[in-house]
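Structure data follow from structure23.cif (mmCIF, C-alpha atoms):
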```cif
data_model
loop_
_atom_site.label_atom_id
_atom_site.label_comp_id
_atom_site.auth_asym_id
_atom_site.auth_seq_id
_atom_site.Cartn_x
_atom_site.Cartn_y
_atom_site.Cartn_z
CA MET T 1 23.31 -28.28 -4.45
CA SER T 2 24.95 -27.11 -7.62
CA PRO T 3 23.40 -24.32 -9.66
CA LYS T 4 22.36 -26.64 -12.48
CA ILE T 5 20.47 -28.98 -10.17
CA ARG T 6 18.90 -25.98 -8.48
CA ALA T 7 17.73 -24.64 -11.85
CA VAL T 8 16.25 -28.01 -12.85
CA VAL T 9 14.39 -28.33 -9.55
CA PHE T 10 13.07 -24.83 -9.94
CA VAL T 11 11.91 -25.38 -13.51
CA ILE T 12 10.01 -28.52 -12.49
CA SER T 13 8.28 -26.79 -9.62
CA ALA T 14 7.67 -23.69 -11.74
CA ILE T 15 5.87 -25.73 -14.37
CA ALA T 16 3.79 -27.38 -11.66
CA THR T 17 2.98 -23.98 -10.13
CA PHE T 18 2.04 -22.56 -13.51
CA VAL T 19 -0.29 -25.46 -14.26
CA VAL T 20 -1.95 -25.22 -10.86
CA LEU T 21 -2.41 -21.47 -11.18
CA VAL T 22 -3.88 -21.67 -14.68
CA ASP T 23 -6.20 -24.41 -13.50
CA ALA T 24 -7.27 -22.21 -10.59
CA SER T 25 -7.85 -19.26 -12.88
CA LEU T 26 -10.30 -21.29 -14.96
CA GLY T 27 -12.73 -20.82 -12.11
CA LEU T 28 -12.71 -17.07 -12.62
CA ASP T 29 -14.94 -15.24 -15.07
CA HIS T 30 -13.81 -14.81 -18.63
CA PHE T 31 -11.42 -11.95 -19.16
CA GLY T 32 -13.52 -8.85 -19.62
CA SER T 33 -16.68 -9.92 -17.85
CA PHE T 34 -16.15 -9.09 -14.23
CA THR T 35 -19.31 -8.32 -12.24
CA GLY T 36 -18.47 -8.10 -8.56
CA ALA T 37 -21.18 -7.21 -6.09
CA TYR T 38 -19.02 -4.96 -3.93
CA SER T 39 -17.74 -2.91 -6.86
CA SER T 40 -21.17 -2.53 -8.44
CA MET T 41 -22.63 -1.25 -5.21
CA LEU T 42 -19.67 1.04 -4.60
CA LEU T 43 -19.84 2.57 -8.07
CA SER T 44 -23.51 3.35 -7.69
CA VAL T 45 -23.25 5.04 -4.29
CA ALA T 46 -19.78 6.58 -4.17
CA THR T 47 -20.48 9.84 -5.96
CA LYS T 48 -23.78 10.38 -4.19
CA GLU T 49 -22.42 9.66 -0.72
CA ARG T 50 -19.01 11.29 -0.86
CA HIS T 51 -19.31 13.92 -3.62
CA VAL T 52 -16.16 12.76 -5.39
CA LEU T 53 -15.66 11.85 -9.03
CA ASN T 54 -12.58 9.63 -8.65
CA VAL T 55 -13.90 6.44 -7.12
CA PRO T 56 -10.55 4.63 -6.49
CA SER T 57 -9.45 7.72 -4.59
CA ALA T 58 -12.58 7.54 -2.46
CA VAL T 59 -11.89 3.86 -1.86
CA ASN T 60 -8.31 4.61 -0.87
CA PHE T 61 -8.97 7.43 1.53
CA ASP T 62 -12.46 6.81 2.78
CA TYR T 63 -13.98 3.40 2.33
CA ARG T 64 -10.72 1.55 2.90
CA GLY T 65 -8.75 4.33 4.54
CA PHE T 66 -7.43 2.04 7.23
CA ASP T 67 -5.61 -0.10 4.66
CA THR T 68 -4.04 3.03 3.19
CA LEU T 69 -2.81 3.92 6.66
CA GLY T 70 -1.03 0.58 6.76
CA GLU T 71 0.45 1.07 3.30
CA GLU T 72 1.66 4.52 4.19
CA TYR T 73 3.43 3.21 7.24
CA ILE T 74 5.09 0.47 5.22
CA PHE T 75 6.43 3.32 3.10
CA PHE T 76 7.54 5.27 6.15
CA ALA T 77 9.25 2.23 7.65
CA ALA T 78 11.05 1.47 4.37
CA VAL T 79 12.40 5.04 4.14
CA LEU T 80 13.43 4.83 7.77
CA GLY T 81 15.15 1.52 7.04
CA VAL T 82 17.19 3.06 4.23
CA LEU T 83 18.21 5.94 6.49
CA LEU T 84 19.26 3.49 9.20
CA ILE T 85 21.23 1.31 6.81
CA PHE T 86 23.24 4.21 5.51
CA GLY T 87 23.79 5.60 8.99
CA ALA T 88 22.24 8.88 8.00
CA LEU T 89 20.40 9.34 11.26
CA HIS T 90 23.17 9.86 13.77
CA GLY T 91 25.22 12.89 13.12
CA SER T 92 27.05 11.63 10.07
CA SER T 93 25.58 14.71 8.50
CA THR T 94 28.76 15.65 6.76
CA GLU T 95 26.90 16.85 3.77
CA HIS T 96 28.41 20.29 4.09
CA ALA T 97 31.88 19.11 4.97
CA GLY T 98 34.39 18.30 2.30
CA PRO T 99 34.36 19.19 -1.36
CA MET T 100 31.59 17.98 -3.63
CA GLU T 101 33.35 15.38 -5.69
CA THR T 102 32.01 14.83 -9.15
CA ARG T 103 35.20 13.58 -10.66
CA GLU T 104 33.79 10.28 -11.89
CA MET T 105 31.13 11.75 -14.10
CA PRO T 106 31.55 13.77 -17.27
CA ARG T 107 30.27 17.31 -17.21
CA GLU T 108 26.68 17.82 -18.23
CA THR T 109 26.20 19.32 -21.64
CA SER T 110 24.33 22.58 -21.76
CA ALA T 111 21.50 20.98 -23.74
CA VAL T 112 20.74 18.63 -20.86
CA VAL T 113 20.89 21.46 -18.34
CA TRP T 114 18.57 23.69 -20.35
CA ILE T 115 16.05 20.95 -21.01
CA VAL T 116 15.93 19.83 -17.41
CA ALA T 117 15.78 23.36 -16.05
CA GLY T 118 12.94 24.09 -18.44
CA LEU T 119 10.98 20.95 -17.63
CA LEU T 120 11.45 21.00 -13.90
CA PRO T 121 8.89 23.66 -12.87
CA PHE T 122 6.35 22.10 -15.19
CA LEU T 123 6.91 18.67 -13.66
CA ALA T 124 6.66 19.97 -10.11
CA ALA T 125 3.52 21.95 -10.86
CA MET T 126 1.94 18.98 -12.61
CA ALA T 127 2.79 16.76 -9.67
CA MET T 128 1.10 19.14 -7.26
CA ASP T 129 -1.89 19.37 -9.58
CA ILE T 130 -2.21 15.59 -9.69
CA GLY T 131 -1.85 15.37 -5.94
CA ALA T 132 -4.29 18.13 -5.07
CA HIS T 133 -7.07 17.06 -7.42
CA GLY T 134 -7.20 13.47 -6.30
CA GLN T 135 -10.92 13.49 -5.88
CA LEU T 136 -11.68 14.84 -9.36
CA THR T 137 -9.18 13.50 -11.87
CA PRO T 138 -7.10 10.32 -12.01
CA GLY T 139 -4.48 10.93 -9.41
CA GLY T 140 -4.24 11.54 -5.74
CA GLY T 141 -1.52 11.62 -3.16
CA PHE T 142 0.36 8.52 -4.27
CA GLN T 143 0.63 9.40 -7.93
CA GLY T 144 1.38 13.06 -7.30
CA GLY T 145 4.09 12.15 -4.83
CA ALA T 146 5.70 9.73 -7.27
CA VAL T 147 5.70 12.30 -10.09
CA PHE T 148 7.16 14.92 -7.75
CA ALA T 149 9.91 12.50 -6.79
CA SER T 150 10.71 11.95 -10.45
CA ALA T 151 11.05 15.74 -10.77
CA VAL T 152 13.52 15.65 -7.87
CA ALA T 153 15.41 12.83 -9.61
CA CYS T 154 15.62 15.05 -12.68
CA ILE T 155 17.48 17.64 -10.65
CA TYR T 156 20.25 15.12 -10.10
CA LEU T 157 20.14 13.71 -13.61
CA GLY T 158 20.29 17.05 -15.35
CA LEU T 159 21.95 19.46 -13.00
CA GLY T 160 24.39 17.30 -11.08
CA LEU T 161 25.16 16.38 -7.52
CA PRO T 162 25.90 19.82 -5.97
CA ALA T 163 22.63 21.21 -7.28
CA MET T 164 20.78 18.28 -5.76
CA PHE T 165 22.23 18.87 -2.32
CA ARG T 166 21.59 22.58 -2.53
CA VAL T 167 17.95 22.22 -3.49
CA VAL T 168 16.87 19.32 -1.31
CA ARG T 169 17.63 20.24 2.27
CA GLU T 170 17.64 16.99 4.11
CA HIS T 171 16.45 18.09 7.54
CA PHE T 172 13.64 20.18 6.12
CA VAL T 173 12.42 17.34 3.91
CA ASP T 174 12.67 14.95 6.84
CA VAL T 175 10.43 17.15 8.97
CA LEU T 176 7.92 17.54 6.15
CA GLU T 177 7.72 13.81 5.61
CA SER T 178 7.09 13.14 9.27
CA LEU T 179 4.47 15.88 9.24
CA GLY T 180 2.67 14.17 6.37
CA ALA T 181 2.72 10.80 8.09
CA LEU T 182 1.61 12.29 11.38
CA SER T 183 -1.25 14.24 9.85
CA PHE T 184 -2.78 11.10 8.39
CA VAL T 185 -3.06 9.60 11.84
CA GLY T 186 -3.89 13.01 13.28
CA ILE T 187 -6.89 13.35 11.02
CA GLY T 188 -7.98 9.87 11.98
CA VAL T 189 -7.69 10.62 15.67
CA GLY T 190 -9.46 13.94 15.12
CA THR T 191 -12.41 12.24 13.48
CA LEU T 192 -12.33 9.63 16.24
CA ILE T 193 -12.70 12.34 18.84
CA ALA T 194 -15.30 14.23 16.83
CA THR T 195 -17.54 11.41 15.70
CA GLY T 196 -16.44 8.24 17.46
CA ALA T 197 -15.17 6.48 14.31
CA PHE T 198 -11.53 6.46 13.16
CA LEU T 199 -11.07 8.05 9.71
CA LYS T 200 -14.77 8.68 9.23
CA ASN T 201 -15.43 11.38 6.67
CA ALA T 202 -16.49 14.11 9.06
CA LEU T 203 -15.57 17.29 7.19
CA PRO T 204 -18.13 19.14 5.04
CA LEU T 205 -18.42 17.31 1.76
CA GLY T 206 -18.83 20.24 -0.59
CA LYS T 207 -20.25 20.15 -4.08
CA THR T 208 -19.24 17.40 -6.52
CA GLY T 209 -16.74 18.67 -9.04
CA GLU T 210 -15.30 21.51 -7.03
CA THR T 211 -11.68 21.54 -5.96
CA VAL T 212 -12.45 21.37 -2.27
CA SER T 213 -14.87 18.49 -2.06
CA GLY T 214 -14.97 15.09 -0.53
CA GLY T 215 -14.24 16.14 3.01
CA THR T 216 -11.39 14.17 4.51
CA ILE T 217 -10.62 12.56 1.14
CA TYR T 218 -9.13 15.83 -0.07
CA VAL T 219 -7.17 16.46 3.13
CA LEU T 220 -5.84 12.91 3.36
CA SER T 221 -4.81 13.00 -0.29
CA CYS T 222 -2.76 16.14 0.37
CA ALA T 223 -1.21 14.61 3.48
CA VAL T 224 -0.24 11.49 1.56
CA PHE T 225 1.19 13.64 -1.25
CA LEU T 226 3.38 15.46 1.23
CA GLU T 227 4.61 12.27 2.77
CA ILE T 228 5.27 10.33 -0.43
CA ALA T 229 6.96 13.26 -2.21
CA CYS T 230 9.20 14.10 0.72
CA GLY T 231 9.87 10.47 1.56
CA LEU T 232 11.00 9.62 -1.96
CA ALA T 233 13.07 12.82 -2.16
CA LEU T 234 14.73 11.86 1.13
CA LEU T 235 15.41 8.40 -0.26
CA LEU T 236 17.07 9.84 -3.35
CA VAL T 237 19.18 12.26 -1.36
CA THR T 238 20.30 9.51 1.03
CA PHE T 239 21.38 7.32 -1.87
CA LEU T 240 23.18 10.22 -3.49
CA LYS T 241 25.05 11.08 -0.32
CA GLN T 242 26.68 7.67 -0.66
CA MET T 243 27.86 8.75 -4.09
CA ARG T 244 29.59 11.70 -2.60
CA LYS T 245 31.22 9.56 0.05
CA GLN T 246 32.71 7.33 -2.62
CA GLY T 247 34.23 10.37 -4.23
CA GLU T 248 35.82 11.37 -0.95
CA ASP T 249 37.19 7.88 -0.38
CA GLN T 250 38.87 7.90 -3.73
CA GLN T 251 40.88 11.02 -3.00
CA MET Z 1 -11.13 -9.30 -27.48
CA SER Z 2 -9.34 -6.95 -29.75
CA VAL Z 3 -5.87 -7.05 -31.16
CA LEU Z 4 -4.72 -4.24 -28.87
CA TYR Z 5 -5.05 -6.34 -25.73
CA ALA Z 6 -3.34 -9.31 -27.35
CA VAL Z 7 -0.39 -7.18 -28.47
CA LEU Z 8 -0.04 -5.45 -25.10
CA TYR Z 9 -0.21 -8.63 -23.07
CA LEU Z 10 2.30 -10.37 -25.30
CA ALA Z 11 4.60 -7.35 -25.13
CA ALA Z 12 4.36 -7.38 -21.33
CA ALA Z 13 5.20 -11.08 -21.20
CA PHE Z 14 8.10 -10.66 -23.60
CA THR Z 15 9.68 -7.62 -21.95
CA GLY Z 16 9.20 -9.19 -18.52
CA ALA Z 17 11.17 -12.22 -19.66
CA ALA Z 18 13.72 -9.89 -21.25
CA VAL Z 19 14.29 -8.15 -17.91
CA VAL Z 20 15.04 -11.48 -16.29
CA PHE Z 21 17.31 -12.82 -18.99
CA GLN Z 22 19.55 -9.75 -19.10
CA ARG Z 23 22.58 -10.55 -17.02
CA ARG Z 24 24.22 -7.18 -16.60
CA PRO Z 25 22.28 -4.77 -14.38
CA ILE Z 26 23.19 -1.78 -16.52
CA ASN Z 27 21.41 -3.34 -19.52
CA GLN Z 28 18.61 -4.62 -17.37
CA LEU Z 29 17.92 -1.07 -16.27
CA PHE Z 30 16.86 0.07 -19.71
CA VAL Z 31 14.85 -3.05 -20.39
CA PHE Z 32 13.11 -2.53 -17.05
CA SER Z 33 12.26 1.00 -18.07
CA LEU Z 34 10.78 -0.38 -21.27
CA PHE Z 35 8.84 -2.96 -19.25
CA GLY Z 36 7.45 -0.15 -17.12
CA THR Z 37 6.33 1.72 -20.22
CA VAL Z 38 4.65 -1.37 -21.69
CA LEU Z 39 2.88 -1.98 -18.39
CA THR Z 40 1.74 1.64 -18.33
CA LEU Z 41 0.18 1.23 -21.77
CA LEU Z 42 -1.40 -2.04 -20.68
CA PHE Z 43 -2.89 -0.51 -17.56
CA PHE Z 44 -4.19 2.42 -19.58
CA ALA Z 45 -5.84 0.05 -22.06
CA LEU Z 46 -7.45 -1.76 -19.13
CA HIS Z 47 -9.27 1.49 -18.21
CA ALA Z 48 -7.07 2.19 -15.19
CA PRO Z 49 -5.56 5.66 -15.71
CA ASP Z 50 -4.59 6.22 -12.09
CA VAL Z 51 -2.69 2.94 -11.88
CA ALA Z 52 -1.00 3.78 -15.20
CA LEU Z 53 0.10 7.13 -13.78
CA SER Z 54 1.57 5.44 -10.73
CA GLU Z 55 3.42 2.83 -12.77
CA LEU Z 56 4.76 5.45 -15.18
CA ALA Z 57 6.29 7.60 -12.49
CA VAL Z 58 7.68 4.66 -10.57
CA GLY Z 59 8.74 2.11 -13.15
CA THR Z 60 10.17 4.46 -15.75
CA VAL Z 61 12.05 7.01 -13.69
CA LEU Z 62 12.33 6.28 -9.99
CA ILE Z 63 13.42 2.67 -9.91
CA PRO Z 64 15.96 3.01 -12.75
CA VAL Z 65 17.58 6.02 -11.03
CA ILE Z 66 17.91 4.20 -7.72
CA VAL Z 67 19.23 1.08 -9.45
CA LEU Z 68 21.72 3.25 -11.33
CA ILE Z 69 23.03 4.66 -8.07
CA ALA Z 70 23.26 1.16 -6.61
CA ILE Z 71 25.18 -0.05 -9.67
CA MET Z 72 27.63 2.82 -9.41
CA LYS Z 73 28.13 2.11 -5.72
CA THR Z 74 28.78 -1.60 -6.10
CA GLY Z 75 31.28 -1.15 -8.86
CA ARG Z 76 29.83 -3.85 -11.07
CA VAL Z 77 28.65 -2.31 -14.28
CA MET Y 1 -10.13 -21.99 -28.63
CA SER Y 2 -11.76 -18.69 -27.84
CA SER Y 3 -12.23 -19.81 -24.26
CA ALA Y 4 -8.49 -20.42 -24.07
CA LEU Y 5 -7.95 -16.89 -25.35
CA SER Y 6 -10.22 -15.46 -22.72
CA TYR Y 7 -8.05 -16.92 -19.96
CA ALA Y 8 -4.76 -16.00 -21.63
CA PRO Y 9 -4.34 -12.66 -19.78
CA TYR Y 10 -4.26 -14.51 -16.47
CA ALA Y 11 -1.68 -16.87 -17.96
CA VAL Y 12 0.49 -13.86 -18.84
CA ALA Y 13 0.43 -12.80 -15.20
CA PHE Y 14 1.39 -16.31 -14.07
CA TRP Y 15 4.13 -16.45 -16.68
CA LEU Y 16 5.63 -13.22 -15.35
CA PHE Y 17 5.46 -14.65 -11.82
CA VAL Y 18 7.28 -17.84 -12.78
CA VAL Y 19 9.86 -16.12 -14.97
CA GLY Y 20 10.66 -13.66 -12.20
CA GLY Y 21 11.11 -16.54 -9.78
CA PHE Y 22 13.44 -18.25 -12.24
CA GLY Y 23 15.49 -15.09 -12.45
CA ILE Y 24 15.82 -14.96 -8.68
CA THR Y 25 17.10 -18.53 -8.43
CA ARG Y 26 19.59 -18.13 -11.27
CA SER Y 27 20.82 -14.72 -10.29
CA ARG Y 28 24.55 -13.96 -9.98
CA ASN Y 29 24.12 -10.38 -8.92
CA LEU Y 30 21.94 -9.05 -6.13
CA ILE Y 31 20.80 -6.05 -8.16
CA HIS Y 32 19.61 -8.36 -10.94
CA CYS Y 33 17.82 -10.32 -8.22
CA VAL Y 34 15.99 -7.23 -6.96
CA LEU Y 35 14.79 -6.31 -10.45
CA CYS Y 36 13.50 -9.86 -10.97
CA LEU Y 37 11.60 -9.50 -7.70
CA ASN Y 38 10.07 -6.36 -9.16
CA VAL Y 39 8.91 -8.39 -12.17
CA VAL Y 40 7.20 -10.80 -9.78
CA GLN Y 41 5.46 -7.88 -8.10
CA SER Y 42 4.37 -6.52 -11.47
CA SER Y 43 2.77 -9.86 -12.25
CA THR Y 44 0.42 -9.39 -9.32
CA TYR Y 45 -0.58 -5.96 -10.61
CA VAL Y 46 -1.32 -7.38 -14.05
CA LEU Y 47 -3.39 -10.18 -12.50
CA LEU Y 48 -5.42 -7.84 -10.28
CA LEU Y 49 -6.24 -5.46 -13.09
CA SER Y 50 -7.06 -8.25 -15.53
CA ILE Y 51 -9.53 -9.75 -13.08
CA GLY Y 52 -11.36 -6.49 -12.58
CA PHE Y 53 -11.67 -5.66 -16.25
CA HIS Y 54 -14.97 -5.42 -18.09
CA LEU Y 55 -14.98 -4.99 -21.85
CA LYS Y 56 -17.95 -2.68 -22.16
CA ALA Y 57 -17.12 -0.57 -19.11
CA GLY Y 58 -15.31 2.71 -18.75
CA ALA Y 59 -12.85 3.98 -16.21
CA PRO Y 60 -14.15 4.40 -12.64
CA ILE Y 61 -13.49 8.13 -12.88
CA TYR Y 62 -16.65 10.07 -13.54
CA SER Y 63 -17.01 13.38 -15.35
CA ALA Y 64 -19.46 15.22 -17.54
CA SER Y 65 -19.00 12.78 -20.41
CA ASN Y 66 -18.97 9.72 -18.14
CA PRO Y 67 -21.85 10.37 -15.76
CA PRO Y 68 -21.69 9.00 -12.22
CA GLY Y 69 -23.16 5.57 -11.86
CA SER Y 70 -22.30 4.31 -15.33
CA LEU Y 71 -20.68 0.93 -15.73
CA ALA Y 72 -17.01 0.92 -14.81
CA VAL Y 73 -14.23 -1.51 -14.05
CA ASP Y 74 -13.57 -2.50 -10.49
CA PRO Y 75 -12.30 0.50 -8.46
CA ILE Y 76 -11.23 -1.43 -5.39
CA LEU Y 77 -8.58 -3.37 -7.28
CA HIS Y 78 -7.30 -0.10 -8.69
CA ALA Y 79 -7.04 1.34 -5.20
CA LEU Y 80 -5.10 -1.72 -4.03
CA THR Y 81 -2.74 -1.68 -6.99
CA LEU Y 82 -1.80 1.98 -7.08
CA THR Y 83 -0.75 2.16 -3.45
CA ASP Y 84 1.12 -1.09 -3.88
CA ILE Y 85 3.17 0.19 -6.82
CA VAL Y 86 4.56 3.16 -4.92
CA VAL Y 87 5.20 1.21 -1.74
CA GLY Y 88 6.82 -1.59 -3.74
CA ALA Y 89 9.24 0.89 -5.24
CA THR Y 90 10.29 2.01 -1.78
CA VAL Y 91 10.83 -1.55 -0.62
CA THR Y 92 12.95 -2.07 -3.74
CA ALA Y 93 15.03 0.92 -2.68
CA LEU Y 94 15.43 -0.64 0.78
CA LEU Y 95 16.64 -3.90 -0.77
CA LEU Y 96 19.13 -2.02 -2.94
CA ALA Y 97 20.44 -0.19 0.11
CA LEU Y 98 20.97 -3.60 1.72
CA ALA Y 99 22.80 -4.75 -1.41
CA ILE Y 100 25.12 -1.73 -1.25
CA GLN Y 101 25.89 -2.46 2.39
CA ILE Y 102 26.56 -6.11 1.61
CA TYR Y 103 29.03 -5.04 -1.05
CA ARG Y 104 30.76 -2.76 1.41
CA ARG Y 105 31.06 -5.44 4.07
CA ARG Y 106 31.80 -8.51 1.96
CA GLY Y 107 33.31 -7.14 -1.22
CA THR Y 108 31.10 -9.31 -3.40
CA ILE Y 109 27.55 -9.06 -4.60
CA ASP Y 110 27.22 -12.57 -5.98
CA PRO Y 111 24.61 -14.49 -3.99
CA GLN Y 112 26.35 -17.76 -4.69
CA HIS Y 113 29.52 -16.55 -2.98
CA LEU Y 114 27.69 -15.12 -0.01
CA ARG Y 115 27.25 -17.85 2.51
CA PRO Y 116 25.71 -16.85 5.87
CA MET Y 117 28.35 -18.11 8.26
CA SER Y 118 31.38 -18.15 6.01
CA GLU Y 119 33.41 -15.72 8.08
#
```
Now that the file is in, can you turn its structure into structure tokens?
Amino acid sequence: MSPKIRAVVFVISAIATFVVLVDASLGLDHFGSFTGAYSSMLLSVATKERHVLNVPSAVNFDYRGFDTLGEEYIFFAAVLGVLLIFGALHGSSTEHAGPMETREMPRETSAVVWIVAGLLPFLAAMAMDIGAHGQLTPGGGFQGGAVFASAVACIYLGLGLPAMFRVVREHFVDVLESLGALSFVGIGVGTLIATGAFLKNALPLGKTGETVSGGTIYVLSCAVFLEIACGLALLLVTFLKQMRKQGEDQQ
Amino acid sequence: MSVLYAVLYLAAAFTGAAVVFQRRPINQLFVFSLFGTVLTLLFFALHAPDVALSELAVGTVLIPVIVLIAIMKTGRV
Amino acid sequence: MSSALSYAPYAVAFWLFVVGGFGITRSRNLIHCVLCLNVVQSSTYVLLLSIGFHLKAGAPIYSASNPPGSLAVDPILHALTLTDIVVGATVTALLLALAIQIYRRRGTIDPQHLRPMSE
């Protein structure tokens, strides 16, 4: 079918979908007046039961920790998929062979280098702060890992390709990521052995508001931070290795 | 419902459509970054600071960098 | 009229969904296609957060000035959305890696020139 006919068919069905969806949404509450029973109950008991101040973090790592395990393994599988696609797993580790080719790109100006070099420690420290205080402030493993990965991206953006490969050692980051993924399941199995329930919050809960509180919520948040940060860094390095290969092909 | 929510929702709808109607990926990249920023503000106004943090780190920096690398690799700027 | 306005945020989410889908069907470049898919994903985040919102409530993060147990927006939807954003970014990276490989093998990145069994 030609593109024009395809577009017309899509627009007709899109309008129908939109109308059906809006009609379905009329059965919801008005915007700004949500009163769900599960959330009301959760908000009233979460701080008392788990000694955490960040309730979505408690939901992620304790009340619905099993769903987070699934999400984390989607992440792990996606990173693994990218590594497989680019053939980075089997010995094509030529990252130290051949010259680093940056011929295509203009040289970074010193302003960019100074700004990035100045911001980078701050970004990394802030990322670790967000990741480690998941039970107290808005944050947690996922956000901290994403911010840390943006710090790693800044290394490439500001300091260039050779600096990226020198800082992010691929095998080391790979091991750390697997360690993070394994420790999530390891903690679950540990609590299974200790108490008979997978991912039950079995560690001492501590006092609300302290850094080490929340039991397994704190530990799982750190494990997820490790995995997400290292996984995204690995992703970036794998993509960037393709850049270097293009440079070698053009020689 | 205050003006803030109206403005943010309309901005999200408009920049979302702008991302789609940009043909060249290199332009779409910057509009997508803007879309991520507008969504971050929207999520923050909806009292969801942790979701806003997530969207900021991902939609403003990470995805544009990976798309940039993909654009450079496929030769179609 | 005000009741129409109180359902408008959901309509914005559905608009983003439909517009993203339109972009996918009319796409001439796989990278453009992947970013439109990201717009569709963002529409689900907007919908989830709009549903859980309460005008007189605060954030579900308690502190000294927001004592535990006070009225807050729905924390479960926040938990769903924030993991989904990060994981969605990684799946986007996977799709872009596929696009790069397709370019290497076929020399084109135009979905309308890529037929499954053409070679």
For the contact check between chain Z and chain T, emit one row per residue of chain Z within 10 Å, containing the shortest atom pair and the distance in Å rounded to one decimal, counting all atoms listed in the file, chain then rising number order, as JSON lines.
```
{"residue": "Z:Met1", "atom": "CA", "partner": "T:Gly32", "partner_atom": "CA", "distance": 8.2}
{"residue": "Z:Leu46", "atom": "CA", "partner": "T:Gly32", "partner_atom": "CA", "distance": 9.3}
{"residue": "Z:Ala48", "atom": "CA", "partner": "T:Pro138", "partner_atom": "CA", "distance": 8.7}
{"residue": "Z:Pro49", "atom": "CA", "partner": "T:Pro138", "partner_atom": "CA", "distance": 6.1}
{"residue": "Z:Asp50", "atom": "CA", "partner": "T:Pro138", "partner_atom": "CA", "distance": 4.8}
{"residue": "Z:Val51", "atom": "CA", "partner": "T:Gln143", "partner_atom": "CA", "distance": 8.3}
{"residue": "Z:Ala52", "atom": "CA", "partner": "T:Gln143", "partner_atom": "CA", "distance": 9.3}
{"residue": "Z:Leu53", "atom": "CA", "partner": "T:Gln143", "partner_atom": "CA", "distance": 6.3}
{"residue": "Z:Ser54", "atom": "CA", "partner": "T:Gln143", "partner_atom": "CA", "distance": 4.9}
{"residue": "Z:Glu55", "atom": "CA", "partner": "T:Gln143", "partner_atom": "CA", "distance": 8.6}
{"residue": "Z:Leu56", "atom": "CA", "partner": "T:Val147", "partner_atom": "CA", "distance": 8.6}
{"residue": "Z:Ala57", "atom": "CA", "partner": "T:Val147", "partner_atom": "CA", "distance": 5.3}
{"residue": "Z:Val58", "atom": "CA", "partner": "T:Ala146", "partner_atom": "CA", "distance": 6.4}
{"residue": "Z:Thr60", "atom": "CA", "partner": "T:Ser150", "partner_atom": "CA", "distance": 9.2}
{"residue": "Z:Val61", "atom": "CA", "partner": "T:Ser150", "partner_atom": "CA", "distance": 6.1}
{"residue": "Z:Leu62", "atom": "CA", "partner": "T:Ser150", "partner_atom": "CA", "distance": 5.9}
{"residue": "Z:Ile63", "atom": "CA", "partner": "T:Ser150", "partner_atom": "CA", "distance": 9.7}
{"residue": "Z:Val65", "atom": "CA", "partner": "T:Ala153", "partner_atom": "CA", "distance": 7.3}
{"residue": "Z:Ile66", "atom": "CA", "partner": "T:Leu236", "partner_atom": "CA", "distance": 7.2}
{"residue": "Z:Ile69", "atom": "CA", "partner": "T:Phe239", "partner_atom": "CA", "distance": 6.9}
{"residue": "Z:Ala70", "atom": "CA", "partner": "T:Phe239", "partner_atom": "CA", "distance": 8.0}
{"residue": "Z:Met72", "atom": "CA", "partner": "T:Met243", "partner_atom": "CA", "distance": 8.0}
{"residue": "Z:Lys73", "atom": "CA", "partner": "T:Met243", "partner_atom": "CA", "distance": 6.8}
```
Residue contacts of Thr15 in chain Z (8 Å, only C-alpha atoms) excluding same-chain residues fewer than 3 positions away, as a ChimeraX atom specification
/Z:11-12,18-19,31-32,34-35
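Proximity to Val67 in chain Z was assessed for Y:Tyr45, Y:Tyr10, Y:Pro67, Y:Ala97 counting only C-alpha atoms; the smallest distance is recorded for Y:Ala97.
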With 6 Å as the limit and counting all atoms listed in the file, what residues in chain Y lie close to chain Z? Please list them as a ChimeraX atom specification.
/Y:12,23,32,36,59,82
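The part of chain T that reaches within 6 Å of chain Y is made up of Ala14, His30, Phe31, Gly32, Ser33, Phe34, Ser39, Leu43, Ser44, Leu53, Asn54, Val55, Pro56, Asn60, Phe75, Ala78 and Val82 of chain T, counting only C-alpha atoms.
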Take CA of Gly107 in chain Y and CA of Gly20 in chain Y and report the distance between them in Å, one decimal.
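Distance between the two atoms: 26.0 Å.
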To one decimal place in Å, what is the distance between CA of Gly186 in chain T and CA of Leu42 in chain T?
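Those two atoms sit 26.7 Å apart.
We find CA of Ala127 in chain T and CA of Ser43 in chain Y to be spaced 26.7 Å apart.
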T:Ala197, T:Leu159, T:Ala223, T:Val8 ranked by distance to Ser110 in chain T, top pick (using only C-alpha atoms)
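Result for the nearest residue to Ser110 in chain T: T:Leu159.
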